file data18.pdb (PDB, C-alpha atoms)
ATOM      1  CA  MET A  14       1.093  18.023 -28.949
ATOM      2  CA  ASP A  15       0.047  16.618 -32.328
ATOM      3  CA  SER A  16       0.824  13.089 -33.522
ATOM      4  CA  ASN A  17       3.939  14.236 -35.404
ATOM      5  CA  GLY A  18       5.289  15.920 -32.277
ATOM      6  CA  SER A  19       4.566  12.819 -30.204
ATOM      7  CA  ALA A  20       6.371  10.631 -32.720
ATOM      8  CA  VAL A  21       9.418  12.928 -32.714
ATOM      9  CA  ARG A  22       9.555  12.925 -28.942
ATOM     10  CA  ALA A  23       9.140   9.137 -28.727
ATOM     11  CA  THR A  24      11.900   8.618 -31.298
ATOM     12  CA  LYS A  25      14.250  10.831 -29.321
ATOM     13  CA  ASP A  26      13.408   8.988 -26.087
ATOM     14  CA  CYS A  27      14.219   5.659 -27.763
ATOM     15  CA  ILE A  28      17.499   6.841 -29.269
ATOM     16  CA  ALA A  29      18.652   8.476 -26.031
ATOM     17  CA  GLY A  30      17.619   5.383 -24.069
ATOM     18  CA  SER A  31      19.625   3.144 -26.392
ATOM     19  CA  VAL A  32      22.733   5.268 -25.908
ATOM     20  CA  GLY A  33      22.246   5.152 -22.146
ATOM     21  CA  GLY A  34      21.789   1.386 -22.265
ATOM     22  CA  VAL A  35      25.067   0.838 -24.107
ATOM     23  CA  PHE A  36      26.879   3.067 -21.602
ATOM     24  CA  GLN A  37      25.321   1.074 -18.758
ATOM     25  CA  VAL A  38      26.457  -2.296 -20.115
ATOM     26  CA  LEU A  39      30.025  -1.217 -20.832
ATOM     27  CA  ALA A  40      30.440   0.292 -17.363
ATOM     28  CA  GLY A  41      28.555  -2.283 -15.340
ATOM     29  CA  GLN A  42      28.884  -5.722 -16.968
ATOM     30  CA  PRO A  43      31.966  -6.934 -15.003
ATOM     31  CA  PHE A  44      30.292  -6.043 -11.690
ATOM     32  CA  ASP A  45      27.086  -7.724 -12.815
ATOM     33  CA  THR A  46      28.906 -10.935 -13.730
ATOM     34  CA  VAL A  47      30.426 -11.165 -10.242
ATOM     35  CA  LYS A  48      27.059 -10.342  -8.664
ATOM     36  CA  VAL A  49      25.192 -13.070 -10.558
ATOM     37  CA  ARG A  50      27.869 -15.680  -9.870
ATOM     38  CA  LEU A  51      27.691 -14.962  -6.140
ATOM     39  CA  GLN A  52      23.885 -14.886  -6.123
ATOM     40  CA  THR A  53      23.517 -18.224  -7.864
ATOM     41  CA  GLN A  54      26.322 -20.337  -6.409
ATOM     42  CA  SER A  55      25.165 -23.445  -4.580
ATOM     43  CA  VAL A  56      25.144 -23.544  -0.795
ATOM     44  CA  PRO A  57      28.053 -25.844   0.183
ATOM     45  CA  LEU A  58      27.360 -29.041   2.071
ATOM     46  CA  LYS A  59      28.699 -29.448   5.589
ATOM     47  CA  GLY A  60      32.486 -29.615   5.477
ATOM     48  CA  GLU A  61      32.681 -28.235   1.925
ATOM     49  CA  LEU A  62      34.042 -24.851   0.908
ATOM     50  CA  PRO A  63      31.886 -22.477  -1.169
ATOM     51  CA  LYS A  64      32.862 -21.981  -4.773
ATOM     52  CA  TYR A  65      33.525 -18.304  -4.025
ATOM     53  CA  ASN A  66      34.320 -16.933  -0.561
ATOM     54  CA  GLY A  67      33.279 -13.428  -1.534
ATOM     55  CA  PRO A  68      33.443 -10.789  -4.288
ATOM     56  CA  LEU A  69      37.240 -10.541  -4.369
ATOM     57  CA  ASP A  70      37.639 -14.331  -4.420
ATOM     58  CA  CYS A  71      35.126 -14.506  -7.280
ATOM     59  CA  VAL A  72      37.054 -11.862  -9.222
ATOM     60  CA  LEU A  73      40.390 -13.600  -8.698
ATOM     61  CA  LYS A  74      39.129 -17.089  -9.547
ATOM     62  CA  THR A  75      37.248 -15.878 -12.600
ATOM     63  CA  PHE A  76      40.290 -13.984 -13.872
ATOM     64  CA  ARG A  77      42.707 -16.822 -13.132
ATOM     65  CA  ASN A  78      40.570 -19.625 -14.564
ATOM     66  CA  GLU A  79      38.846 -17.878 -17.478
ATOM     67  CA  GLY A  80      40.747 -14.712 -18.233
ATOM     68  CA  PRO A  81      39.605 -11.060 -18.344
ATOM     69  CA  THR A  82      37.047 -11.642 -21.091
ATOM     70  CA  ALA A  83      35.006 -13.790 -18.690
ATOM     71  CA  PHE A  84      33.752 -10.625 -16.986
ATOM     72  CA  TYR A  85      32.041  -9.692 -20.236
ATOM     73  CA  LYS A  86      30.364 -13.063 -20.816
ATOM     74  CA  GLY A  87      26.863 -12.577 -22.157
ATOM     75  CA  THR A  88      27.625  -9.016 -23.237
ATOM     76  CA  THR A  89      26.204  -9.528 -26.727
ATOM     77  CA  VAL A  90      22.736  -9.951 -25.261
ATOM     78  CA  PRO A  91      22.760  -6.831 -23.055
ATOM     79  CA  ILE A  92      24.481  -4.633 -25.648
ATOM     80  CA  MET A  93      21.596  -5.338 -28.001
ATOM     81  CA  GLY A  94      18.903  -6.016 -25.437
ATOM     82  CA  ILE A  95      19.628  -3.570 -22.627
ATOM     83  CA  GLY A  96      19.655  -0.780 -25.194
ATOM     84  CA  LEU A  97      16.127  -1.865 -26.072
ATOM     85  CA  CYS A  98      15.206  -2.179 -22.402
ATOM     86  CA  VAL A  99      16.462   1.285 -21.481
ATOM     87  CA  SER A 100      14.703   2.704 -24.553
ATOM     88  CA  ILE A 101      11.434   1.229 -23.302
ATOM     89  CA  GLN A 102      12.121   2.477 -19.764
ATOM     90  CA  PHE A 103      12.688   6.066 -20.844
ATOM     91  CA  LEU A 104       9.948   6.026 -23.477
ATOM     92  CA  ALA A 105       7.388   4.872 -20.902
ATOM     93  CA  PHE A 106       8.738   7.085 -18.134
ATOM     94  CA  GLU A 107       8.777  10.223 -20.266
ATOM     95  CA  GLY A 108       5.226   9.446 -21.405
ATOM     96  CA  PHE A 109       4.021   9.192 -17.795
ATOM     97  CA  LYS A 110       6.017  12.289 -16.869
ATOM     98  CA  ARG A 111       4.468  14.370 -19.642
ATOM     99  CA  HIS A 112       1.003  13.213 -18.551
ATOM    100  CA  PHE A 113       1.577  14.246 -14.942
ATOM    101  CA  THR A 114       3.315  17.487 -15.961
ATOM    102  CA  SER A 115       0.337  18.542 -18.086
ATOM    103  CA  LYS A 116      -2.034  17.571 -15.267
ATOM    104  CA  ASN A 117      -0.082  19.579 -12.703
ATOM    105  CA  ARG A 118       0.087  22.614 -14.971
ATOM    106  CA  LYS A 119      -3.687  22.648 -15.391
ATOM    107  CA  GLU A 120      -4.377  22.175 -11.695
ATOM    108  CA  SER A 121      -1.798  24.597 -10.283
ATOM    109  CA  GLY A 122      -1.278  27.091 -13.077
ATOM    110  CA  ASP A 123       2.462  26.583 -12.603
ATOM    111  CA  ALA A 124       4.297  26.765 -15.929
ATOM    112  CA  PHE A 125       6.767  24.087 -14.824
ATOM    113  CA  GLY A 126       4.318  21.485 -13.539
ATOM    114  CA  PHE A 127       6.871  19.827 -11.260
ATOM    115  CA  LEU A 128       5.968  16.257 -10.322
ATOM    116  CA  THR A 129       5.441  15.041  -6.769
ATOM    117  CA  ILE A 130       7.456  12.084  -5.428
ATOM    118  CA  PRO A 131       4.402   9.749  -5.624
ATOM    119  CA  GLN A 132       3.866  10.792  -9.255
ATOM    120  CA  LEU A 133       7.529  10.156 -10.031
ATOM    121  CA  PHE A 134       7.347   6.743  -8.374
ATOM    122  CA  VAL A 135       4.234   5.786 -10.360
ATOM    123  CA  ALA A 136       5.892   6.931 -13.589
ATOM    124  CA  GLY A 137       9.000   4.906 -12.761
ATOM    125  CA  ALA A 138       6.960   1.858 -11.799
ATOM    126  CA  GLY A 139       5.062   2.129 -15.073
ATOM    127  CA  SER A 140       8.330   2.196 -16.983
ATOM    128  CA  GLY A 141       9.467  -0.927 -15.111
ATOM    129  CA  LEU A 142       6.218  -2.702 -15.925
ATOM    130  CA  ALA A 143       6.608  -1.936 -19.632
ATOM    131  CA  ASN A 144      10.277  -2.882 -19.568
ATOM    132  CA  SER A 145       9.729  -6.274 -17.891
ATOM    133  CA  VAL A 146       8.233  -7.725 -21.069
ATOM    134  CA  VAL A 147      11.649  -7.716 -22.727
ATOM    135  CA  SER A 148      13.996  -7.556 -19.729
ATOM    136  CA  GLY A 149      12.898 -10.972 -18.411
ATOM    137  CA  PRO A 150      14.121 -13.066 -21.368
ATOM    138  CA  ILE A 151      17.174 -10.854 -21.955
ATOM    139  CA  GLU A 152      18.352 -11.051 -18.358
ATOM    140  CA  GLN A 153      17.704 -14.778 -18.158
ATOM    141  CA  ILE A 154      19.914 -15.455 -21.180
ATOM    142  CA  ARG A 155      22.587 -13.072 -19.901
ATOM    143  CA  SER A 156      22.575 -14.690 -16.435
ATOM    144  CA  ARG A 157      22.823 -18.223 -17.813
ATOM    145  CA  LEU A 158      25.790 -17.237 -19.963
ATOM    146  CA  GLN A 159      27.450 -15.366 -17.093
ATOM    147  CA  ILE A 160      27.508 -18.311 -14.698
ATOM    148  CA  GLN A 161      28.855 -20.906 -17.105
ATOM    149  CA  SER A 162      32.595 -21.442 -17.402
ATOM    150  CA  SER A 163      34.560 -22.888 -20.307
ATOM    151  CA  SER A 164      34.654 -26.247 -18.532
ATOM    152  CA  ASN A 165      30.872 -26.538 -18.166
ATOM    153  CA  ALA A 166      29.562 -24.472 -21.071
ATOM    154  CA  GLU A 167      26.034 -25.656 -21.716
ATOM    155  CA  PHE A 168      25.206 -22.925 -24.206
ATOM    156  CA  LYS A 169      27.261 -21.919 -27.249
ATOM    157  CA  GLY A 170      25.883 -18.392 -27.153
ATOM    158  CA  PRO A 171      22.705 -16.333 -26.729
ATOM    159  CA  ILE A 172      20.898 -17.836 -29.731
ATOM    160  CA  ASP A 173      21.664 -21.383 -28.595
ATOM    161  CA  CYS A 174      20.495 -20.508 -25.088
ATOM    162  CA  PHE A 175      17.218 -19.069 -26.371
ATOM    163  CA  ARG A 176      16.680 -22.072 -28.619
ATOM    164  CA  LYS A 177      17.129 -24.553 -25.778
ATOM    165  CA  LEU A 178      14.867 -22.622 -23.420
ATOM    166  CA  TYR A 179      12.143 -22.402 -26.042
ATOM    167  CA  LEU A 180      12.606 -26.007 -27.165
ATOM    168  CA  HIS A 181      11.947 -27.422 -23.702
ATOM    169  CA  GLN A 182       9.132 -25.164 -22.489
ATOM    170  CA  GLY A 183       8.164 -22.696 -25.178
ATOM    171  CA  LEU A 184       7.488 -19.131 -24.028
ATOM    172  CA  LYS A 185       7.158 -20.355 -20.438
ATOM    173  CA  GLY A 186      10.818 -21.316 -20.529
ATOM    174  CA  VAL A 187      11.861 -18.025 -22.119
ATOM    175  CA  TYR A 188      10.011 -16.158 -19.354
ATOM    176  CA  GLN A 189      11.230 -18.312 -16.473
ATOM    177  CA  GLY A 190      11.522 -16.154 -13.340
ATOM    178  CA  GLN A 191       9.164 -13.503 -14.713
ATOM    179  CA  VAL A 192       7.246 -12.981 -11.437
ATOM    180  CA  PRO A 193      10.273 -11.739  -9.434
ATOM    181  CA  THR A 194      11.485  -9.883 -12.537
ATOM    182  CA  LEU A 195       8.203  -7.982 -12.691
ATOM    183  CA  ALA A 196       8.297  -7.234  -8.948
ATOM    184  CA  ARG A 197      11.875  -5.992  -9.159
ATOM    185  CA  GLU A 198      11.220  -3.794 -12.187
ATOM    186  CA  VAL A 199       8.123  -2.123 -10.725
ATOM    187  CA  ILE A 200       9.544  -1.475  -7.239
ATOM    188  CA  GLY A 201      13.114  -0.852  -8.346
ATOM    189  CA  PHE A 202      12.405   1.527 -11.201
ATOM    190  CA  GLY A 203       9.793   3.340  -9.135
ATOM    191  CA  ALA A 204      12.550   4.205  -6.647
ATOM    192  CA  TYR A 205      15.138   4.701  -9.410
ATOM    193  CA  PHE A 206      13.353   7.351 -11.437
ATOM    194  CA  ALA A 207      11.762   9.016  -8.408
ATOM    195  CA  ALA A 208      15.206   9.566  -6.876
ATOM    196  CA  TYR A 209      16.802  10.855 -10.080
ATOM    197  CA  GLU A 210      14.022  13.180 -11.163
ATOM    198  CA  TYR A 211      13.489  14.506  -7.632
ATOM    199  CA  MET A 212      17.155  15.563  -7.509
ATOM    200  CA  VAL A 213      16.939  17.078 -10.995
ATOM    201  CA  GLN A 214      13.798  19.037 -10.096
ATOM    202  CA  LYS A 215      15.359  20.216  -6.823
ATOM    203  CA  GLU A 216      18.469  21.425  -8.665
ATOM    204  CA  ILE A 217      16.373  23.272 -11.248
ATOM    205  CA  LYS A 218      14.296  24.967  -8.544
ATOM    206  CA  GLU A 219      17.345  26.031  -6.523
ATOM    207  CA  THR A 220      19.556  27.208  -9.385
ATOM    208  CA  GLY A 221      17.083  28.372 -12.006
ATOM    209  CA  LEU A 222      18.936  26.361 -14.644
ATOM    210  CA  LYS A 223      17.202  24.464 -17.396
ATOM    211  CA  ARG A 224      17.623  20.704 -17.615
ATOM    212  CA  ASP A 225      20.068  20.875 -20.505
ATOM    213  CA  GLN A 226      22.238  23.284 -18.506
ATOM    214  CA  LEU A 227      22.957  20.841 -15.682
ATOM    215  CA  SER A 228      26.614  19.852 -15.533
ATOM    216  CA  SER A 229      27.788  16.353 -16.425
ATOM    217  CA  ILE A 230      29.077  15.982 -12.866
ATOM    218  CA  LYS A 231      25.604  16.664 -11.475
ATOM    219  CA  VAL A 232      24.009  14.227 -13.930
ATOM    220  CA  CYS A 233      26.482  11.509 -12.903
ATOM    221  CA  GLN A 234      25.974  12.267  -9.228
ATOM    222  CA  PHE A 235      22.195  12.045  -9.519
ATOM    223  CA  GLY A 236      22.455   8.885 -11.633
ATOM    224  CA  ALA A 237      24.667   7.200  -9.050
ATOM    225  CA  MET A 238      22.257   8.073  -6.236
ATOM    226  CA  ALA A 239      19.357   6.765  -8.304
ATOM    227  CA  GLY A 240      21.210   3.474  -8.729
ATOM    228  CA  TYR A 241      21.751   3.201  -4.984
ATOM    229  CA  SER A 242      18.060   3.906  -4.379
ATOM    230  CA  MET A 243      16.996   1.152  -6.749
ATOM    231  CA  TRP A 244      19.255  -1.585  -5.423
ATOM    232  CA  ILE A 245      18.728  -0.838  -1.736
ATOM    233  CA  VAL A 246      14.987  -1.477  -2.087
ATOM    234  CA  ALA A 247      15.031  -4.154  -4.806
ATOM    235  CA  TYR A 248      18.114  -6.286  -4.163
ATOM    236  CA  PRO A 249      16.483  -9.205  -2.260
ATOM    237  CA  ILE A 250      13.994  -9.547  -5.119
ATOM    238  CA  ASP A 251      16.873  -9.537  -7.602
ATOM    239  CA  VAL A 252      18.479 -12.480  -5.779
ATOM    240  CA  ILE A 253      15.296 -14.520  -6.185
ATOM    241  CA  LYS A 254      15.053 -13.423  -9.820
ATOM    242  CA  SER A 255      18.596 -14.589 -10.542
ATOM    243  CA  LYS A 256      18.034 -17.932  -8.831
ATOM    244  CA  MET A 257      14.806 -18.550 -10.712
ATOM    245  CA  GLN A 258      16.288 -17.506 -14.047
ATOM    246  CA  THR A 259      19.335 -19.760 -13.695
ATOM    247  CA  ASP A 260      17.422 -22.715 -12.281
ATOM    248  CA  GLY A 261      17.104 -25.860 -14.396
ATOM    249  CA  TYR A 262      14.903 -25.361 -17.427
ATOM    250  CA  THR A 263      13.624 -28.943 -17.531
ATOM    251  CA  PRO A 264      11.402 -30.631 -14.896
ATOM    252  CA  ALA A 265      14.203 -33.034 -13.986
ATOM    253  CA  THR A 266      16.771 -30.305 -13.280
ATOM    254  CA  ARG A 267      14.572 -27.664 -11.647
ATOM    255  CA  LYS A 268      15.091 -26.938  -7.938
ATOM    256  CA  TYR A 269      12.351 -24.338  -7.419
ATOM    257  CA  ALA A 270       8.724 -24.862  -8.383
ATOM    258  CA  THR A 271       7.692 -21.238  -7.702
ATOM    259  CA  SER A 272       9.164 -17.954  -6.538
ATOM    260  CA  MET A 273       7.769 -18.575  -3.055
ATOM    261  CA  ASP A 274       9.472 -21.964  -3.017
ATOM    262  CA  CYS A 275      12.745 -20.226  -3.910
ATOM    263  CA  ILE A 276      12.265 -17.668  -1.119
ATOM    264  CA  LYS A 277      11.639 -20.405   1.455
ATOM    265  CA  ALA A 278      14.596 -22.497   0.286
ATOM    266  CA  THR A 279      16.912 -19.477   0.353
ATOM    267  CA  TYR A 280      15.874 -18.585   3.894
ATOM    268  CA  VAL A 281      16.186 -22.165   5.160
ATOM    269  CA  SER A 282      19.660 -22.635   3.665
ATOM    270  CA  SER A 283      21.189 -19.214   4.320
ATOM    271  CA  GLY A 284      18.872 -17.075   6.450
ATOM    272  CA  ILE A 285      18.416 -13.371   5.771
ATOM    273  CA  LYS A 286      21.986 -13.043   4.493
ATOM    274  CA  GLY A 287      21.050 -15.325   1.598
ATOM    275  CA  PHE A 288      18.935 -12.504   0.174
ATOM    276  CA  PHE A 289      21.939 -10.157   0.120
ATOM    277  CA  ARG A 290      24.589 -12.425  -1.368
ATOM    278  CA  GLY A 291      26.469 -10.497  -4.052
ATOM    279  CA  PHE A 292      25.275  -7.139  -2.702
ATOM    280  CA  LEU A 293      28.768  -5.586  -2.565
ATOM    281  CA  PRO A 294      29.583  -5.886  -6.303
ATOM    282  CA  CYS A 295      26.037  -4.769  -7.058
ATOM    283  CA  ILE A 296      26.293  -1.603  -4.993
ATOM    284  CA  LEU A 297      29.787  -0.943  -6.371
ATOM    285  CA  ARG A 298      28.319  -1.295  -9.859
ATOM    286  CA  ALA A 299      25.429   1.074  -9.113
ATOM    287  CA  ALA A 300      27.481   4.277  -9.280
ATOM    288  CA  PRO A 301      29.405   3.819 -12.566
ATOM    289  CA  ALA A 302      26.634   1.937 -14.387
ATOM    290  CA  ASN A 303      23.798   4.311 -13.562
ATOM    291  CA  ALA A 304      25.864   7.474 -13.730
ATOM    292  CA  SER A 305      26.855   6.327 -17.235
ATOM    293  CA  THR A 306      23.237   5.530 -18.114
ATOM    294  CA  PHE A 307      21.868   8.956 -17.290
ATOM    295  CA  LEU A 308      24.904  10.723 -18.712
ATOM    296  CA  GLY A 309      24.408   8.853 -21.987
ATOM    297  CA  VAL A 310      20.684   9.627 -22.054
ATOM    298  CA  GLU A 311      21.064  13.310 -21.173
ATOM    299  CA  MET A 312      23.952  13.907 -23.593
ATOM    300  CA  ALA A 313      22.165  12.095 -26.419
ATOM    301  CA  MET A 314      18.978  14.067 -25.800
ATOM    302  CA  ARG A 315      20.866  17.358 -25.793
ATOM    303  CA  PHE A 316      22.562  16.426 -29.064
ATOM    304  CA  LEU A 317      19.233  15.492 -30.643
ATOM    305  CA  ASN A 318      17.569  18.692 -29.439
ATOM    306  CA  LYS A 319      20.388  20.741 -30.979
ATOM    307  CA  SER A 320      20.297  18.814 -34.237
ATOM    308  CA  GLY A 321      17.550  20.953 -35.701
ATOM    309  CA  ILE A 322      14.754  18.438 -35.114
ATOM    310  CA  PRO A 323      11.931  20.317 -33.346
ATOM    311  CA  ASP A 324      10.571  18.953 -30.092
ATOM    312  CA  PRO A 325       7.237  20.636 -29.247
ATOM    313  CA  PHE A 326       7.267  19.475 -25.630
ATOM    314  CA  ILE A 327      10.848  20.141 -24.594
ATOM    315  CA  GLU A 328      10.804  23.653 -26.046
ATOM    316  CA  THR A 329       7.976  24.762 -23.765
ATOM    317  CA  GLN A 330       9.211  23.531 -20.393
ATOM    318  CA  ALA A 331      12.296  23.296 -18.237
ATOM    319  CA  LEU A 332      12.061  19.645 -17.219
TER     320      LEU A 332
END
call {"tool": "encode", "arguments": {"input": "data18.pdb", "output": "structure tokens"}}
result
Amino acid sequence: MDSNGSAVRATKDCIAGSVGGVFQVLAGQPFDTVKVRLQTQSVPLKGELPKYNGPLDCVLKTFRNEGPTAFYKGTTVPIMGIGLCVSIQFLAFEGFKRHFTSKNRKESGDAFGFLTIPQLFVAGAGSGLANSVVSGPIEQIRSRLQIQSSSNAEFKGPIDCFRKLYLHQGLKGVYQGQVPTLAREVIGFGAYFAAYEYMVQKEIKETGLKRDQLSSIKVCQFGAMAGYSMWIVAYPIDVIKSKMQTDGYTPATRKYATSMDCIKATYVSSGIKGFFRGFLPCILRAAPANASTFLGVEMAMRFLNKSGIPDPFIETQAL
């Protein structure tokens, strides 16, 4: 493919990824707010009650004390930022996928060049690595806004939050919690894309359909399963990420010096169950959020491919 063809394909990947990112935020933000609040609540002292007794209690207290809009706190950041993140994810993933597809075609002589599960995992992990550069700061700001209530609002909004983080520690503050973020993105997105693309490839092989002929129901089904795959393997890391990202951003207010310190403190205070706090709203979120993501991406890509803009790669293969 020449440079013009590569640019067209990359532009389409970015646009489709942005659409998928917006779909993901709108469908999943309320679940994510409950998840983060449960993940980051303090362990009660002996004789004290926890702030939230579970997901339902968190939902009821949040609704009663802050109203329905509280479930969409921090949405401005992900609407703008997650669109960018998902664009990067799909841009990187599709780049890796095209590389492996071309490689497989040359080696096997197969016109389709289907990818193996290890290749899909590597491509997904590569997309997570690329994505982590922007997802770290975006998710930190979103998490800090999600856990604050009107009675203890430390930040006036995303810009104020960014300003305070940068003011106290510079880029180090903006990237607080980046180590677990990177680990989660690489492992999680490796599983995420491997699961989705494996199911897509299997469906294409069994039915003989092309990718753009798969039904919306199938796309949603595969997207939901991909979301489950990601969170089952990456959730404990996500707990540590959330705790690190919402920890104090000044030396005087910080509880965890390193990610390992956070892991040890979590285990000492709560045992293994501490690494799965908030898992229920997360797994409930996985189906609608990720089904919406892939549906948005696939529908946007189909629209773009039918818009008259040529795509040298997509026109020569079924994946």
call {"tool": "closest_atom_pairs", "arguments": {"input": "data18.pdb", "of": "segment 159-188 of chain A", "to": "segment 241-263 of chain A", "cutoff": "9 Å", "atoms": "only C-alpha atoms", "output": "JSON lines"}}
result
{"residue": "A:Ile160", "atom": "CA", "partner": "A:Thr259", "partner_atom": "CA", "distance": 8.4}
{"residue": "A:Lys177", "atom": "CA", "partner": "A:Tyr262", "partner_atom": "CA", "distance": 8.7}
{"residue": "A:Leu178", "atom": "CA", "partner": "A:Tyr262", "partner_atom": "CA", "distance": 6.6}
{"residue": "A:His181", "atom": "CA", "partner": "A:Thr263", "partner_atom": "CA", "distance": 6.6}
{"residue": "A:Gln182", "atom": "CA", "partner": "A:Tyr262", "partner_atom": "CA", "distance": 7.7}
{"residue": "A:Gly186", "atom": "CA", "partner": "A:Tyr262", "partner_atom": "CA", "distance": 6.5}
{"residue": "A:Tyr188", "atom": "CA", "partner": "A:Gln258", "partner_atom": "CA", "distance": 8.3}
call {"tool": "residues_near_point", "arguments": {"input": "data18.pdb", "point": "(6.6, -15.5, -13.9)", "cutoff": "12 Å", "atoms": "only C-alpha atoms", "output": "PDB file with C-alpha atoms, in the coordinates of the input"}}
result
ATOM      1  CA  SER A 145       9.729  -6.274 -17.891  1.00  0.00           C
ATOM      2  CA  VAL A 146       8.233  -7.725 -21.069  1.00  0.00           C
ATOM      3  CA  GLY A 149      12.898 -10.972 -18.411  1.00  0.00           C
ATOM      4  CA  PRO A 150      14.121 -13.066 -21.368  1.00  0.00           C
ATOM      5  CA  GLN A 153      17.704 -14.778 -18.158  1.00  0.00           C
ATOM      6  CA  LEU A 184       7.488 -19.131 -24.028  1.00  0.00           C
ATOM      7  CA  LYS A 185       7.158 -20.355 -20.438  1.00  0.00           C
ATOM      8  CA  GLY A 186      10.818 -21.316 -20.529  1.00  0.00           C
ATOM      9  CA  VAL A 187      11.861 -18.025 -22.119  1.00  0.00           C
ATOM     10  CA  TYR A 188      10.011 -16.158 -19.354  1.00  0.00           C
ATOM     11  CA  GLN A 189      11.230 -18.312 -16.473  1.00  0.00           C
ATOM     12  CA  GLY A 190      11.522 -16.154 -13.340  1.00  0.00           C
ATOM     13  CA  GLN A 191       9.164 -13.503 -14.713  1.00  0.00           C
ATOM     14  CA  VAL A 192       7.246 -12.981 -11.437  1.00  0.00           C
ATOM     15  CA  PRO A 193      10.273 -11.739  -9.434  1.00  0.00           C
ATOM     16  CA  THR A 194      11.485  -9.883 -12.537  1.00  0.00           C
ATOM     17  CA  LEU A 195       8.203  -7.982 -12.691  1.00  0.00           C
ATOM     18  CA  ALA A 196       8.297  -7.234  -8.948  1.00  0.00           C
ATOM     19  CA  ARG A 197      11.875  -5.992  -9.159  1.00  0.00           C
ATOM     20  CA  ILE A 253      15.296 -14.520  -6.185  1.00  0.00           C
ATOM     21  CA  LYS A 254      15.053 -13.423  -9.820  1.00  0.00           C
ATOM     22  CA  MET A 257      14.806 -18.550 -10.712  1.00  0.00           C
ATOM     23  CA  GLN A 258      16.288 -17.506 -14.047  1.00  0.00           C
ATOM     24  CA  ALA A 270       8.724 -24.862  -8.383  1.00  0.00           C
ATOM     25  CA  THR A 271       7.692 -21.238  -7.702  1.00  0.00           C
ATOM     26  CA  SER A 272       9.164 -17.954  -6.538  1.00  0.00           C
ATOM     27  CA  MET A 273       7.769 -18.575  -3.055  1.00  0.00           C
TER      28      MET A 273
END
call {"tool": "resolve_selection", "arguments": {"input": "data18.pdb", "expression": "the PyMOL selection byres ((chain A and resi 55) around 12)", "output": "NGL selection string"}}
result
:A and (49-54 or 56-58 or 61-66 or 160 or 256 or 259-260 or 268 or 278-279 or 282-283 or 287 or 290)
call {"tool": "resolve_selection", "arguments": {"input": "data18.pdb", "expression": "the PyMOL selection byres ((chain A and resi 167-176) around 8)", "output": "list in words"}}
result
Gly87, Thr89, Val90, Ile154, Arg155, Arg157, Leu158, Gln161, Asn165, Ala166, Lys177, Leu178, Tyr179, Leu180 and Val187 of chain A
call {"tool": "atom_distance", "arguments": {"input": "data18.pdb", "atom1": "atom CA of Glu216 of chain A", "atom2": "atom CA of Gly309 of chain A"}}
result
19.3 Å
call {"tool": "residues_near_point", "arguments": {"input": "data18.pdb", "point": "(21.1, 7.2, -9.8)", "cutoff": "9 Å", "atoms": "all atoms listed in the file", "output": "JSON list (two decimals) with C-alpha atoms, in the coordinates of the input"}}
result
[["chain", "number", "residue", "atom", "x", "y", "z"],
["A", 205, "TYR", "CA", 15.14, 4.70, -9.41],
["A", 206, "PHE", "CA", 13.35, 7.35, -11.44],
["A", 208, "ALA", "CA", 15.21, 9.57, -6.88],
["A", 209, "TYR", "CA", 16.80, 10.86, -10.08],
["A", 232, "VAL", "CA", 24.01, 14.23, -13.93],
["A", 233, "CYS", "CA", 26.48, 11.51, -12.90],
["A", 234, "GLN", "CA", 25.97, 12.27, -9.23],
["A", 235, "PHE", "CA", 22.20, 12.04, -9.52],
["A", 236, "GLY", "CA", 22.46, 8.88, -11.63],
["A", 237, "ALA", "CA", 24.67, 7.20, -9.05],
["A", 238, "MET", "CA", 22.26, 8.07, -6.24],
["A", 239, "ALA", "CA", 19.36, 6.76, -8.30],
["A", 240, "GLY", "CA", 21.21, 3.47, -8.73],
["A", 241, "TYR", "CA", 21.75, 3.20, -4.98],
["A", 242, "SER", "CA", 18.06, 3.91, -4.38],
["A", 243, "MET", "CA", 17.00, 1.15, -6.75],
["A", 299, "ALA", "CA", 25.43, 1.07, -9.11],
["A", 300, "ALA", "CA", 27.48, 4.28, -9.28],
["A", 302, "ALA", "CA", 26.63, 1.94, -14.39],
["A", 303, "ASN", "CA", 23.80, 4.31, -13.56],
["A", 304, "ALA", "CA", 25.86, 7.47, -13.73],
["A", 306, "THR", "CA", 23.24, 5.53, -18.11],
["A", 307, "PHE", "CA", 21.87, 8.96, -17.29]]
call {"tool": "atom_distance", "arguments": {"input": "data18.pdb", "atom1": "atom CA of Leu133 of chain A", "atom2": "atom CA of Arg118 of chain A"}}
result
15.3 Å
call {"tool": "resolve_selection", "arguments": {"input": "data18.pdb", "expression": "the PyMOL selection byres ((chain A and resi 207) around 9)", "output": "PyMOL selection string"}}
result
chain A and resi 129-137+202-206+208-212+239
call {"tool": "atom_distance", "arguments": {"input": "data18.pdb", "atom1": "atom CA of Lys215 of chain A", "atom2": "atom CA of Gly41 of chain A"}}
result
27.4 Å
call {"tool": "residues_around", "arguments": {"input": "data18.pdb", "residues": "Glu198 of chain A", "least_positions_apart": "6", "cutoff": "8 Å", "atoms": "all atoms listed in the file", "output": "VMD selection string"}}
result
chain A and resid 138 141 to 142 144 to 145
